[in-house]
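Engineer: Mind having a look at this structure? Questions to follow.
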Amino acid sequence: AARHLHAVARGFAILDPPANQSATAIVTYVETTAAILGLSEFAAIYWPRVKVLNPSKAVFGNASQLTVPPSGHLAGVYARVDNSRPGGVYVPPAGIENGRLFGVLGFETSDVLEEAKRDLVFPKRINPLTVFPGAPRHIDGARTLKGNGNFPTVAERRGVIFIEQSLKLGLLFAKHQNNTEALRATLARTVTAFLLIQLKNDAFSSGNPKKAFFVDFGESLNPPSVIFSGQVVGRIGLATAKPAEFIVLRFSQDTRALEAELAGAA
């Protein structure tokens, strides 16, 4: 998708679910009550609330555990994955490794433990928190609220926010310089050099720069009318990496020996 280089500062919202939500109830909340399904790719909602140790009985009472909104833990996962390696922002904060929830003792509802119940929320772009036998408690989804936008998953959207803001700051040197072909060529080289670094950090769906992105500061985008208005316009296309949300296995009889025998007889 294309972006203009005068992108404004943007954040990403981690949305909490209401309390005591079953699978069907959270779907109703997202679709109807809050009406946020499809609203924005700059936000994601997670479900359900989580159980944690009571940090202070003097403050929160004598219960050994508390049920709290998950957004604090989720922000911690985002930060941990972001800092796990160069290009961590391009890694989906989900799964049994990158989405592991430390300090979570359980979930408010057992619905998240049932695959059939999780299958109800996935299509509504609700990211469930769950646990599998032999695995840690973790985030089991990486979708934003909007599926038909340019960047429909958390890592894609946040990764592009990082790229946009980095370029916005990195191209400030061009302000108030003469708008010439040489300046536009310098801008194109600067953007390309930055995107090549991001390519090495696994930002894109291909390791081939020609397939991963394009950069255009050409004359068609910068005719005299644009130049006279004091603008430099650039167009950048990014082929962002898509997460593997489902693992599909197809089993069949092993017929390799039979096929080899038939091939030999032929």
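By convention in this document, the chains of the structure tokens carry letters A, B, ... by their order, each chain's residues are numbered from 1, and ligands are numbered from 1 in the order they are shown.
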I'd like the contact shell of A:Ala44 - 7 Å cut-off, only C-alpha atoms, skipping same-chain residues fewer than 6 positions apart - returned as a list in words.
Structural biologist: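 That gives Ala13, Ile14, Leu15, Arg143, Thr144 and Leu145 of chain A.
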Engineer: Please save C-alpha atoms of the selected residues as a PDB file, in the first residue's frame.
Structural biologist:
ATOM      1  CA  ALA A  13      -4.564   0.924  21.009  1.00  0.00           C
ATOM      2  CA  ILE A  14      -4.770  -2.280  23.064  1.00  0.00           C
ATOM      3  CA  LEU A  15      -8.421  -2.679  23.997  1.00  0.00           C
ATOM      4  CA  ARG A 143      -5.443  -9.354  14.369  1.00  0.00           C
ATOM      5  CA  THR A 144      -6.425  -5.711  14.383  1.00  0.00           C
ATOM      6  CA  LEU A 145     -10.084  -4.722  14.404  1.00  0.00           C
TER       7      LEU A 145
END
Engineer: I need the alpha helix (DSSP H) residues of stretch 29-134 of chain A per DSSP on the backbone, written as an NGL selection string.
Structural biologist: :A and (57-60 or 71-82 or 115-121)
Engineer: Write the residues you've just listed into a file as a PDB file, in the first residue's frame, and include C-alpha atoms for each of them.
Structural biologist:
ATOM      1  CA  LYS A  57      -4.053  -7.469  50.434  1.00  0.00           C
ATOM      2  CA  ALA A  58      -4.035  -4.174  52.304  1.00  0.00           C
ATOM      3  CA  VAL A  59      -5.257  -2.447  49.147  1.00  0.00           C
ATOM      4  CA  PHE A  60      -7.268  -5.103  47.307  1.00  0.00           C
ATOM      5  CA  SER A  71      -3.947  -4.767  28.572  1.00  0.00           C
ATOM      6  CA  GLY A  72      -1.069  -4.225  31.020  1.00  0.00           C
ATOM      7  CA  HIS A  73       0.240  -7.737  30.418  1.00  0.00           C
ATOM      8  CA  LEU A  74      -0.307  -7.351  26.683  1.00  0.00           C
ATOM      9  CA  ALA A  75       1.641  -4.109  26.540  1.00  0.00           C
ATOM     10  CA  GLY A  76       4.422  -5.955  28.338  1.00  0.00           C
ATOM     11  CA  VAL A  77       4.386  -8.666  25.668  1.00  0.00           C
ATOM     12  CA  TYR A  78       4.528  -6.018  22.929  1.00  0.00           C
ATOM     13  CA  ALA A  79       7.532  -4.372  24.604  1.00  0.00           C
ATOM     14  CA  ARG A  80       9.298  -7.691  25.207  1.00  0.00           C
ATOM     15  CA  VAL A  81       8.930  -8.779  21.579  1.00  0.00           C
ATOM     16  CA  ASP A  82       9.883  -5.323  20.256  1.00  0.00           C
ATOM     17  CA  GLU A 115     -11.323 -24.575  20.332  1.00  0.00           C
ATOM     18  CA  ALA A 116     -14.955 -24.340  19.236  1.00  0.00           C
ATOM     19  CA  LYS A 117     -15.428 -21.232  21.387  1.00  0.00           C
ATOM     20  CA  ARG A 118     -12.242 -19.634  20.099  1.00  0.00           C
ATOM     21  CA  ASP A 119     -13.482 -20.344  16.583  1.00  0.00           C
ATOM     22  CA  LEU A 120     -16.442 -18.078  17.365  1.00  0.00           C
ATOM     23  CA  VAL A 121     -14.291 -15.064  18.170  1.00  0.00           C
TER      24      VAL A 121
END
Engineer: Write out as an MDAnalysis selection string which residues come within 10 Å of A:Asn179 when counting only C-alpha atoms, dropping same-chain ones fewer than 2 positions away.
Structural biologist: chainID A and resid 174:177 181:184 222 227:228 230:232
Engineer: With only C-alpha atoms as the counted atoms, please give the residues lying no more than 9 Å from A:Phe102, apart from itself and same-chain residues fewer than 2 positions off, as a list in words.
Structural biologist: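 Final neighbour list, sorted by chain and number: His73, Val77, Arg100, Val104, Leu105, Pro136, Arg137 and His138 of chain A.
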Engineer: How many Å separate atom CA of A:Asn98 from atom CA of A:Ser84?
Structural biologist: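 Calculated distance between atom CA of A:Asn98 and atom CA of A:Ser84 is 9.2 Å.
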Engineer: Find the residues around A:Gly141 up to 10 Å (only C-alpha atoms counted), leave out those fewer than 2 positions away in its own chain, and share them as a list in words.
Structural biologist: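 Once the nearby chain positions are removed, what remains is Ala44, Ile45, Tyr46, Pro92, Pro93, Ala94, Gly95, Gly99, Arg118, Phe122, Arg125, Ile126, Asn127, Pro128, Leu129, Thr130, His138, Ile139, Arg143, Thr144, Thr153, Val154, Pro243 and Glu245 of chain A.
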Engineer: Please identify which residues in stretch 46-240 of chain A DSSP calls strand (DSSP E or B) from the backbone, and express them as a ChimeraX atom specification.
Structural biologist: /A:46-47,50-53,65-68,100,106-107,126-130,138-139,143,153,204,213-216,235-238,240
Engineer: Using only C-alpha atoms, find the one residue out of A:Ser252, A:Thr109, A:Ser225, A:Asn62 that sits nearest to A:Thr24.
Structural biologist: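 Closest to A:Thr24, using only C-alpha atoms: A:Thr109.
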Engineer: With only C-alpha atoms as the atoms that count, which of A:Pro17, A:Gly264, A:Gly38, A:Pro86 lies nearest to A:Asn148?
Structural biologist: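 Closest candidate: A:Gly38.
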Engineer: I want to know what sits within 7 Å of A:Ala135, based on only C-alpha atoms, with residues of the same chain fewer than 3 positions away left out; could you give that as a VMD selection string?
Structural biologist: chain A and resid 96 131 to 132
Engineer: Contacts of A:Lys211 at 10 Å or less, counting only C-alpha atoms, minus same-chain residues fewer than 3 places along, as a PDB file with C-alpha atoms, in the first residue's frame?
Structural biologist:
ATOM      1  CA  PHE A 204       8.697  -7.740   4.467  1.00  0.00           C
ATOM      2  CA  SER A 205       7.235 -10.824   2.843  1.00  0.00           C
ATOM      3  CA  SER A 206      10.195 -11.260   0.510  1.00  0.00           C
ATOM      4  CA  GLY A 207      13.959 -11.020   0.856  1.00  0.00           C
ATOM      5  CA  ASN A 208      14.123  -9.639  -2.683  1.00  0.00           C
ATOM      6  CA  PHE A 214       9.120   0.333  -4.004  1.00  0.00           C
ATOM      7  CA  GLY A 237       4.808   0.592  -1.285  1.00  0.00           C
ATOM      8  CA  LEU A 238       5.464  -2.088   1.338  1.00  0.00           C
ATOM      9  CA  ALA A 239       4.825  -5.823   0.981  1.00  0.00           C
TER      10      ALA A 239
END
Engineer: Choose the residue, out of A:Ser110, A:Ser40, A:Thr33, A:Thr180, that has the smallest atom-to-atom separation from A:Asn150; count only C-alpha atoms.
Structural biologist: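 Answer, going by the shortest atom-to-atom distance: A:Ser40.
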Engineer: What is the distance, in Å and to one decimal place, between atom CA of A:Val89 and atom CA of A:Ala185?
Structural biologist: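 Between atom CA of A:Val89 and atom CA of A:Ala185 the gap works out to 28.6 Å.
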Engineer: Atom CA of A:Ser229 and atom CA of A:Leu167 are how many Å apart?
Structural biologist: 21.6 Å
